[in-house]
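Undergrad: Here you go, this is query-v5.txt (compact mmCIF, C-alpha atoms).
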# COMPACT_ATOMS: atom_id res chain seq x y z
CA ALA A 21 0.00 0.00 0.00
CA MET A 22 1.25 3.44 -0.82
CA ALA A 23 1.99 5.45 2.29
CA GLY A 24 1.55 8.66 0.36
CA VAL A 25 2.49 11.14 3.00
CA MET A 26 2.53 14.82 2.22
CA GLU A 27 5.58 16.20 3.95
CA THR A 28 6.07 19.88 4.65
CA GLU A 29 8.88 21.75 3.02
CA GLU A 30 10.70 21.83 6.31
CA GLN A 31 10.41 18.08 6.64
CA ALA A 32 11.61 17.66 3.11
CA ARG A 33 14.62 19.82 3.78
CA HIS A 34 15.38 17.86 6.88
CA ARG A 35 15.10 14.64 4.92
CA PHE A 36 17.47 16.15 2.39
CA GLN A 37 20.09 16.62 5.09
CA LEU A 38 19.55 13.11 6.33
CA GLU A 39 19.94 11.57 2.94
CA LEU A 40 22.93 13.75 2.13
CA GLU A 41 24.67 12.46 5.22
CA PHE A 42 23.64 8.91 4.75
CA VAL A 43 24.64 8.61 1.11
CA GLN A 44 28.10 9.94 1.94
CA CYS A 45 28.46 7.44 4.76
CA LEU A 46 28.35 4.81 2.03
CA ALA A 47 31.83 5.94 1.01
CA ASN A 48 33.14 4.34 4.18
CA PRO A 49 33.85 0.66 3.53
CA ASN A 50 33.92 -0.07 7.26
CA TYR A 51 30.42 1.27 7.58
CA LEU A 52 29.35 -0.86 4.64
CA ASN A 53 30.84 -3.89 6.33
CA PHE A 54 28.96 -2.94 9.49
CA LEU A 55 25.67 -2.76 7.59
CA ALA A 56 26.34 -6.00 5.77
CA GLN A 57 27.14 -7.95 8.90
CA ARG A 58 23.91 -6.83 10.50
CA GLY A 59 21.96 -8.06 7.50
CA TYR A 60 20.67 -4.70 6.30
CA LEU A 61 22.04 -5.28 2.83
CA ARG A 62 19.80 -8.29 2.50
CA GLU A 63 16.62 -6.40 3.30
CA LYS A 64 14.48 -5.67 0.26
CA PRO A 65 13.34 -2.24 1.49
CA PHE A 66 16.98 -1.30 2.02
CA VAL A 67 17.91 -2.41 -1.47
CA ASN A 68 15.03 -0.38 -2.85
CA TYR A 69 16.21 2.58 -0.83
CA LEU A 70 19.69 2.24 -2.30
CA LYS A 71 18.17 2.40 -5.73
CA TYR A 72 16.20 5.46 -4.74
CA LEU A 73 19.39 7.15 -3.54
CA LEU A 74 20.79 7.07 -7.06
CA TYR A 75 19.28 10.52 -7.52
CA TRP A 76 22.45 11.85 -5.93
CA LYS A 77 24.17 11.16 -9.25
CA GLU A 78 22.24 14.01 -10.88
CA PRO A 79 24.33 17.19 -11.13
CA GLU A 80 21.87 19.33 -9.20
CA TYR A 81 22.25 17.01 -6.23
CA ALA A 82 25.80 15.79 -6.71
CA LYS A 83 27.18 19.24 -6.20
CA PHE A 84 26.43 18.96 -2.49
CA LEU A 85 28.57 15.89 -2.03
CA LYS A 86 31.82 16.43 -0.27
CA TYR A 87 32.86 12.80 -0.59
CA PRO A 88 32.22 11.81 -4.21
CA HIS A 89 33.59 8.30 -3.63
CA CYS A 90 30.18 7.54 -2.19
CA LEU A 91 28.63 7.62 -5.64
CA HIS A 92 30.87 4.86 -6.85
CA MET A 93 30.05 2.80 -3.78
CA LEU A 94 26.38 3.48 -4.33
CA GLU A 95 26.61 2.16 -7.87
CA LEU A 96 28.42 -0.95 -6.70
CA LEU A 97 25.82 -1.48 -4.01
CA GLN A 98 23.16 -1.92 -6.68
CA TYR A 99 24.68 -5.34 -7.39
CA GLU A 100 23.71 -8.23 -5.14
CA HIS A 101 27.12 -9.82 -5.57
CA PHE A 102 28.82 -6.78 -4.12
CA ARG A 103 26.40 -6.58 -1.22
CA LYS A 104 27.06 -10.22 -0.40
CA GLU A 105 30.83 -9.79 -0.47
CA LEU A 106 30.72 -6.91 1.98
CA VAL A 107 29.87 -9.25 4.85
CA ASN A 108 33.46 -10.36 4.66
CA ALA A 109 35.70 -8.18 6.84
CA GLN A 110 38.73 -8.90 4.67
CA CYS A 111 36.81 -7.71 1.65
CA ALA A 112 35.99 -4.43 3.38
CA LYS A 113 39.59 -4.05 4.44
CA PHE A 114 40.78 -4.66 0.91
CA ILE A 115 38.37 -2.07 -0.44
CA ASP A 116 39.54 0.38 2.22
CA GLU A 117 43.19 -0.12 1.30
CA GLN A 118 42.56 0.23 -2.41
CA GLN A 119 40.42 3.28 -1.84
CA ILE A 120 43.15 4.98 0.16
CA LEU A 121 45.77 4.07 -2.41
CA HIS A 122 43.60 5.56 -5.12
CA TRP A 123 43.07 8.64 -2.96
CA GLN A 124 46.82 9.08 -2.85
CA HIS A 125 47.21 8.67 -6.58
CA TYR A 126 47.25 12.34 -7.48
CA SER A 127 49.48 13.32 -4.58
CA ARG A 128 51.96 10.65 -5.60
CA LYS A 129 51.80 11.76 -9.19
CA ARG A 130 52.41 15.35 -8.21
CA THR A 131 55.31 14.34 -5.98
CA ARG A 132 56.82 12.35 -8.83
CA LEU A 133 56.47 15.26 -11.22
CA GLN A 134 58.08 17.59 -8.74
CA GLN A 135 60.95 15.20 -8.20
CA ALA A 136 61.42 14.82 -11.94
CA LEU A 137 61.49 18.58 -12.30
CA VAL A 138 64.08 18.93 -9.56
CA GLU A 139 66.25 16.25 -11.14
CA GLN A 140 65.95 17.91 -14.51
CA GLN A 141 67.11 21.23 -13.11
CA GLN A 142 70.07 19.59 -11.43
CA GLN A 143 71.18 18.08 -14.70
CA GLN A 144 71.17 21.36 -16.57
CA PRO A 145 74.62 22.80 -17.23
CA GLN A 146 75.88 25.40 -14.76
CA ALA A 147 75.48 29.08 -15.63
CA PRO A 148 78.62 30.51 -17.30
CA SER A 149 81.06 32.01 -14.78
CA HIS A 150 81.51 35.79 -14.59
CA GLY A 151 84.15 37.62 -16.59
CA ASN A 152 84.53 34.98 -19.23
CA THR A 153 83.95 36.66 -22.53
CA THR A 154 85.04 33.89 -24.85
CA SER A 155 82.20 32.63 -26.94
CA LYS A 156 81.24 28.94 -26.78
CA MET B 87 -22.32 -21.03 -73.95
CA ALA B 88 -19.81 -22.11 -76.46
CA ARG B 89 -20.72 -21.07 -79.86
CA LYS B 90 -19.36 -22.84 -82.86
CA PRO B 91 -16.17 -21.09 -83.90
CA THR B 92 -16.41 -19.14 -87.11
CA LYS B 93 -13.67 -21.20 -88.65
CA ASP B 94 -15.68 -24.43 -88.23
CA LYS B 95 -18.80 -22.82 -89.58
CA LEU B 96 -16.91 -21.58 -92.59
CA LEU B 97 -15.40 -24.98 -93.22
CA SER B 98 -18.69 -26.82 -92.84
CA THR B 99 -20.37 -24.37 -95.19
CA LEU B 100 -17.62 -24.92 -97.70
CA ASP B 101 -18.12 -28.67 -97.33
CA ASP B 102 -21.83 -28.25 -98.00
CA ILE B 103 -21.12 -26.14 -101.04
CA GLU B 104 -18.68 -28.72 -102.25
CA VAL B 105 -21.22 -31.53 -101.83
CA LEU B 106 -24.00 -29.60 -103.46
CA SER B 107 -21.82 -28.56 -106.36
CA ARG B 108 -20.78 -32.14 -106.92
CA GLU B 109 -24.39 -33.31 -106.88
CA LEU B 110 -25.38 -30.58 -109.27
CA ILE B 111 -22.59 -31.42 -111.62
CA GLU B 112 -23.45 -35.11 -111.43
CA MET B 113 -27.04 -34.30 -112.17
CA LEU B 114 -26.11 -32.15 -115.09
CA ALA B 115 -23.83 -34.88 -116.36
CA LEU B 116 -26.59 -37.44 -116.00
CA SER B 117 -29.21 -35.21 -117.56
CA ARG B 118 -27.31 -35.44 -120.82
CA THR B 119 -28.03 -39.07 -121.08
CA GLN B 120 -31.27 -39.53 -119.20
CA LYS B 121 -34.19 -37.67 -117.84
CA LEU B 122 -34.25 -36.21 -114.31
CA PRO B 123 -35.40 -38.93 -111.91
CA GLN B 124 -37.03 -36.30 -109.73
CA PRO B 125 -38.50 -33.16 -111.26
CA GLY B 126 -37.41 -29.95 -109.61
CA GLU B 127 -34.42 -31.52 -107.86
CA ASP B 128 -32.00 -29.40 -109.79
CA THR B 129 -33.72 -26.21 -108.70
CA ASP B 130 -33.65 -27.41 -105.10
CA ILE B 131 -29.98 -28.00 -105.27
CA LEU B 132 -29.43 -24.64 -106.95
CA GLU B 133 -31.40 -22.94 -104.26
CA LEU B 134 -29.44 -24.70 -101.57
CA LEU B 135 -26.25 -23.73 -103.30
CA VAL B 136 -27.20 -20.09 -103.50
CA GLN B 137 -28.23 -20.23 -99.87
CA ARG B 138 -24.95 -21.76 -98.83
CA ASP B 139 -23.04 -19.22 -100.83
CA ARG B 140 -24.90 -16.42 -99.14
CA GLU B 141 -24.08 -17.97 -95.74
CA PHE B 142 -20.49 -18.22 -96.78
CA GLN B 143 -20.34 -14.56 -97.68
CA GLU B 144 -21.92 -13.63 -94.39
CA LEU B 145 -19.49 -15.77 -92.48
CA MET B 146 -16.59 -14.14 -94.27
CA GLN B 147 -17.84 -10.76 -93.20
CA THR B 148 -18.12 -12.01 -89.67
CA ALA B 149 -14.61 -13.38 -89.84
CA LEU B 150 -13.26 -10.07 -91.06
CA GLU B 151 -15.07 -8.26 -88.28
CA GLN B 152 -13.73 -10.67 -85.73
CA GLY B 153 -10.22 -10.21 -87.03
CA ARG B 154 -10.53 -6.47 -86.62
CA VAL B 155 -11.79 -6.82 -83.11
CA GLN B 156 -8.96 -9.16 -82.33
CA GLN B 157 -6.44 -6.60 -83.49
CA GLU B 158 -8.03 -3.95 -81.33
CA MET B 159 -7.86 -6.26 -78.37
CA GLN B 160 -4.20 -6.83 -78.92
CA ALA B 161 -3.53 -3.13 -79.15
CA LEU B 162 -5.38 -2.54 -75.91
CA GLU B 163 -3.53 -5.34 -74.20
CA LYS B 164 -0.30 -3.72 -75.17
CA GLU B 165 -1.53 -0.47 -73.66
CA VAL B 166 -2.42 -2.26 -70.48
CA GLU B 167 1.01 -3.82 -70.27
CA LYS B 168 2.60 -0.46 -70.70
CA ARG B 169 0.48 1.08 -67.98
CA ASP B 170 1.23 -1.86 -65.73
CA SER B 171 4.95 -1.42 -66.06
CA ASP B 172 4.56 2.32 -65.48
CA ILE B 173 2.72 1.63 -62.28
CA GLN B 174 5.36 -0.81 -61.14
CA GLN B 175 8.05 1.72 -61.86
CA LEU B 176 6.25 4.34 -59.80
CA GLN B 177 5.75 1.81 -57.05
CA LYS B 178 9.47 1.16 -56.94
CA GLN B 179 10.28 4.84 -56.80
CA LEU B 180 7.70 5.40 -54.08
CA LYS B 181 9.16 2.61 -52.04
CA GLU B 182 12.64 4.03 -52.44
CA ALA B 183 11.48 7.49 -51.44
CA GLU B 184 9.71 6.10 -48.41
CA HIS B 185 12.84 4.27 -47.39
CA ILE B 186 14.99 7.35 -47.73
CA LEU B 187 12.53 9.46 -45.79
CA ALA B 188 12.23 6.87 -43.06
CA THR B 189 16.00 6.80 -42.68
CA ALA B 190 16.16 10.57 -42.61
CA VAL B 191 13.43 10.80 -40.02
CA TYR B 192 15.09 8.15 -37.90
CA GLN B 193 18.44 9.90 -38.00
CA ALA B 194 16.84 13.22 -37.22
CA LYS B 195 15.15 11.65 -34.21
CA GLU B 196 18.44 10.23 -33.02
CA LYS B 197 20.04 13.60 -33.41
CA LEU B 198 17.28 15.22 -31.41
CA LYS B 199 17.72 12.62 -28.74
CA SER B 200 21.41 13.29 -28.42
CA ILE B 201 20.81 17.03 -28.43
CA GLU B 202 18.37 16.60 -25.59
CA LYS B 203 20.83 14.43 -23.76
CA ALA B 204 23.62 16.95 -24.18
CA ARG B 205 21.37 19.76 -23.09
CA LYS B 206 20.37 17.83 -20.01
CA GLY B 207 23.93 17.16 -19.06
CA SER B 208 25.20 20.66 -19.64
CA ILE B 209 26.62 22.32 -16.60
CA SER B 210 28.26 25.67 -16.48
CA SER B 211 32.01 25.40 -16.36
CA GLU B 212 32.00 27.80 -13.47
CA GLU B 213 29.96 25.40 -11.36
CA ILE B 214 32.22 22.53 -12.24
CA ILE B 215 35.28 24.47 -11.28
CA LYS B 216 33.66 25.57 -8.04
CA TYR B 217 32.82 21.98 -7.24
CA ALA B 218 36.31 20.82 -8.16
CA HIS B 219 37.72 23.36 -5.76
CA ARG B 220 35.38 22.25 -3.05
CA ILE B 221 36.18 18.58 -3.18
CA SER B 222 39.90 19.14 -3.64
CA ALA B 223 40.35 21.71 -0.91
CA SER B 224 38.85 19.39 1.66
CA ASN B 225 41.13 16.55 0.58
CA ALA B 226 38.10 14.47 -0.20
CA VAL B 227 39.37 13.17 -3.53
CA CYS B 228 43.08 13.82 -3.24
CA ALA B 229 45.10 12.90 -0.20
CA PRO B 230 46.91 15.74 1.56
CA LEU B 231 50.50 15.90 0.45
CA ASN B 232 51.80 15.26 3.93
CA TRP B 233 49.63 12.22 4.53
CA VAL B 234 51.36 9.26 6.13
CA PRO B 235 49.91 6.00 7.48
CA GLY B 236 48.53 6.86 10.89
CA ASP B 237 46.91 10.08 9.70
CA PRO B 238 43.21 9.80 10.58
CA ARG B 239 42.01 11.67 7.53
CA ARG B 240 40.10 9.65 4.94
CA PRO B 241 38.32 10.00 1.63
CA TYR B 242 35.11 9.16 3.43
CA PRO B 243 33.37 10.39 6.56
CA THR B 244 35.04 8.93 9.61
CA ASP B 245 33.32 7.69 12.75
CA LEU B 246 33.73 11.07 14.34
CA GLU B 247 32.17 12.92 11.46
CA MET B 248 29.30 10.44 11.27
CA ARG B 249 28.57 10.85 14.94
CA SER B 250 28.47 14.59 14.75
CA GLY B 251 25.87 14.63 12.05
CA ILE B 252 22.11 14.54 12.09
CA LEU B 253 22.08 10.77 11.69
CA GLY B 254 24.32 10.27 14.64
CA ASN B 255 22.05 12.39 16.80
CA MET B 256 18.80 10.91 15.66
CA SER B 257 18.33 8.47 18.47
CA ASN B 258 18.09 11.45 20.78
CA MET B 259 15.06 12.74 18.97
CA PRO B 260 11.66 11.35 19.74
CA THR B 261 10.23 9.82 16.64
CA ASN B 262 7.17 12.02 16.98
CA GLY B 263 9.23 15.16 16.84
CA VAL B 264 10.59 16.59 13.69
CA ASN B 265 10.11 13.39 11.80
CA GLY B 266 6.64 12.81 13.15
CA HIS B 267 4.96 12.77 9.82
CA LEU B 268 7.34 10.67 7.83
CA PRO B 269 6.11 7.23 6.86
CA GLY B 270 6.64 4.80 9.70
CA ASP B 271 8.99 2.43 7.90
CA TYR B 272 11.09 5.34 6.73
CA VAL B 273 11.60 6.58 10.26
CA SER B 274 12.63 3.16 11.48
CA LEU B 275 14.93 2.80 8.51
CA MET B 276 16.74 6.05 9.24
CA PHE B 277 16.82 5.18 12.89
CA ILE B 278 18.49 1.91 12.09
CA PHE B 279 20.99 3.61 9.88
CA ALA B 280 21.96 5.80 12.78
CA ASN B 281 23.24 2.48 14.11
CA VAL B 282 24.73 1.27 17.30
CA PHE B 283 28.34 2.21 17.07
CA LEU B 284 27.47 5.88 16.85
CA LEU B 285 25.29 5.91 19.93
CA SER B 286 28.02 5.53 22.48
CA LEU B 287 29.48 9.00 22.25
CA LEU B 288 26.45 11.05 21.44
CA ASP B 289 26.74 13.42 24.38
CA ILE B 290 29.99 14.82 23.06
CA LEU B 291 29.40 18.13 21.38
CA THR B 292 31.33 18.14 18.18
CA PRO B 293 31.36 20.85 15.57
CA GLN B 294 29.33 20.51 12.43
CA TYR B 295 31.49 19.21 9.65
CA PRO B 296 31.03 20.85 6.28
CA TRP B 297 30.15 17.57 4.64
CA GLN B 298 26.77 17.66 6.25
CA SER B 299 25.67 21.18 5.68
CA ALA B 300 24.22 21.91 2.36
CA ASP B 301 23.30 25.44 1.51
CA VAL B 302 19.74 25.20 2.70
CA SER B 303 18.84 28.54 1.24
CA MET B 304 19.21 27.00 -2.20
CA GLY B 305 15.87 25.38 -1.54
CA ILE B 306 16.73 22.05 -3.06
CA LEU B 307 14.61 19.18 -1.91
CA PRO B 308 15.09 15.45 -2.26
CA PRO B 309 12.91 13.58 -4.72
CA HIS B 310 9.58 12.61 -3.30
CA HIS B 311 8.99 8.96 -2.66
CA GLY B 312 5.51 7.84 -1.79
CA ASN B 313 6.03 4.26 -0.72
CA ASP B 314 7.77 2.64 2.16
CA PHE B 315 10.45 0.91 0.10
CA GLY B 316 8.88 -2.41 0.97
CA LEU B 317 7.37 -2.49 -2.48
CA GLU B 318 9.21 -3.61 -5.53
CA PRO B 319 10.13 -0.52 -7.51
CA PRO B 320 9.25 -0.59 -11.19
CA GLY B 321 11.99 -1.77 -13.51
CA HIS B 322 14.60 -4.39 -13.22
CA ASN B 323 16.89 -5.34 -10.42
CA LYS B 324 20.59 -5.06 -10.87
CA GLU B 325 20.99 -8.80 -10.58
CA ASN B 326 23.33 -8.64 -13.47
CA GLU B 327 25.55 -11.61 -13.19
CA ASP B 328 27.36 -10.69 -16.38
CA ASP B 329 29.15 -7.99 -14.44
CA VAL B 330 30.16 -10.30 -11.64
CA GLU B 331 33.81 -10.36 -12.61
CA ALA B 332 33.97 -6.60 -12.46
CA MET B 333 32.52 -6.67 -8.97
CA SER B 334 34.65 -9.31 -7.35
CA THR B 335 37.16 -8.09 -4.86
CA ASP B 336 40.20 -9.74 -6.32
CA SER B 337 39.62 -8.30 -9.72
CA SER B 338 42.61 -6.53 -11.09
CA SER B 339 40.40 -3.84 -12.51
CA SER B 340 40.05 -2.07 -9.18
CA SER B 341 41.78 1.22 -9.29
CA SER B 342 45.02 1.08 -7.47
CA ASP B 343 48.47 2.36 -7.90
CA SER B 344 50.68 0.35 -5.71
CA ASP B 345 54.04 1.98 -5.75
Go ahead and render the structure in this file as structure tokens.
TA:
Amino acid sequence: AMAGVMETEEQARHRFQLELEFVQCLANPNYLNFLAQRGYLREKPFVNYLKYLLYWKEPEYAKFLKYPHCLHMLELLQYEHFRKELVNAQCAKFIDEQQILHWQHYSRKRTRLQQALVEQQQQQPQAPSHGNTTSK
Amino acid sequence: MARKPTKDKLLSTLDDIEVLSRELIEMLALSRTQKLPQPGEDTDILELLVQRDREFQELMQTALEQGRVQQEMQALEKEVEKRDSDIQQLQKQLKEAEHILATAVYQAKEKLKSIEKARKGSISSEEIIKYAHRISASNAVCAPLNWVPGDPRRPYPTDLEMRSGILGNMSNMPTNGVNGHLPGDYVSLMFIFANVFLLSLLDILTPQYPWQSADVSMGILPPHHGNDFGLEPPGHNKENEDDVEAMSTDSSSSSSDSD
């Protein structure tokens, strides 16, 4: 039966905050493991709710997300196989490690570039010494 | 009803004439030597002969007429053939034209679809840059340069951040309070999501983290949902086993840069 409730604008705004928080919590693999172990990921209403949350992918909503990783997790959570795997603590740990490594990707890249630049400058020939007027 | 063909009538008339002529000639030949056995027979035969001749002439006329008609028929048939082939030609051209138009219409529709799609997805570059700043500045997508193992910062909300949010504080609120008019299952769902490991430190006052506050004055609201999520939503489930290998945890396709 449809529980067609008319919520006030205030309630809707409050619900917006709730869902904003909750969807971003999904970026945390430990939280996902927590949910999985307590069986929430097996509940049909929960699965339906996860599908409903996909609206956060739309640009007008996505711009409020501080932790965009959550969208990727949300997409993965649409698959039963993924939800089943999350019960496994090692799986969650693996995801956590990979996620952090990926998070560091750009920093590492930037560090590498900086190092390469420094090395390149060190290899350049020294500036000509003063007073030497002979041409090369 | 099948009438006797003109040809047969002509031939039979000719046969009659031939027979009558022969009889007449025989009679004439005989009459040289002897008297007519039957008086008036020669006139009978003559009459018959004349009659047959008249018939013959008539039949010839008929035959001529029929030949003319036959020629007309053939001419008309040729006309019909010509018209037929004209019609077929036009049919072919019409079919071709229809095909070309159908293709053109289809392609135009596709183009319109992609235009609509592009229009839908268009975002001002300024907004994108603003957003890029936002998620980069907070180290949400790129680790801080001085990050070392042991640093508590993460690309996702940590326990502390989760506790300080609305969700973490929900168990303090009576369910008849702010949420009083939300559908019952929804309330219990959110309550559950607030979950146990947040409850322990709820009395600690922690500052609001920026990840929770959206600019409420923008007036954006979440999509309305009328049901209690217990119902099957329309459409298919993502029980797509074809993608299983992409989902498994030991897949090498997971993004990682292990150096």
Undergrad: For the atom pair CA of Leu307 (chain B) and CA of Glu78 (chain A), what is the interatomic distance in Å to one decimal place?
TA: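 Interatomic distance here is 12.9 Å.
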Undergrad: If we count all atoms listed in the file, which residues of chain A reach to within 7 Å of chain B? Please list them as a ChimeraX atom specification.
TA: /A:22-25,27,31-33,36-38,40-41,45,47-48,64-65,68-69,83-84,86-87,98-102,111,118,121-127
Undergrad: Quick one: pull the distance between CA of Leu132 (chain B) and CA of Asp101 (chain B), Å, one decimal.
TA: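 It comes out at 15.4 Å.
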Undergrad: Quick one: everything within 10 Å of Glu95 (chain A), counting only C-alpha atoms, minus sequence neighbours fewer than 6 positions away in the same chain. Send it as a list in words.
TA: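 The filter keeps Leu70, Lys71, Leu73, Leu74, Lys77 and Phe102 of chain A; Lys324 of chain B.
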Undergrad: To one decimal place in Å, what is the distance between CA of Thr148 (chain B) and CA of Asp102 (chain B)?
TA: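 That distance, rounded to one decimal, is 18.6 Å.
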Undergrad: Residues near Asn108 (chain A), anyone? I mean within 12 Å using only C-alpha atoms, not counting same-chain ones fewer than 6 positions away, as a list of chain:residue names.
TA: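 Non-adjacent residues within range: A:Pro49, A:Asn50, A:Leu52, A:Asn53, A:Phe54, A:Leu55, A:Ala56, A:Gln57, A:Arg58, A:Phe102, A:Phe114, A:Ile115, B:Thr335.
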Undergrad: Could those selected residues go to a file with C-alpha atoms, as a PDB file, in the frame of the given file?
TA:
ATOM      1  CA  PRO A  49      33.850   0.660   3.530  1.00  0.00           C
ATOM      2  CA  ASN A  50      33.920  -0.070   7.260  1.00  0.00           C
ATOM      3  CA  LEU A  52      29.350  -0.860   4.640  1.00  0.00           C
ATOM      4  CA  ASN A  53      30.840  -3.890   6.330  1.00  0.00           C
ATOM      5  CA  PHE A  54      28.960  -2.940   9.490  1.00  0.00           C
ATOM      6  CA  LEU A  55      25.670  -2.760   7.590  1.00  0.00           C
ATOM      7  CA  ALA A  56      26.340  -6.000   5.770  1.00  0.00           C
ATOM      8  CA  GLN A  57      27.140  -7.950   8.900  1.00  0.00           C
ATOM      9  CA  ARG A  58      23.910  -6.830  10.500  1.00  0.00           C
ATOM     10  CA  PHE A 102      28.820  -6.780  -4.120  1.00  0.00           C
ATOM     11  CA  PHE A 114      40.780  -4.660   0.910  1.00  0.00           C
ATOM     12  CA  ILE A 115      38.370  -2.070  -0.440  1.00  0.00           C
TER      13      ILE A 115
ATOM     14  CA  THR B 335      37.160  -8.090  -4.860  1.00  0.00           C
TER      15      THR B 335
END
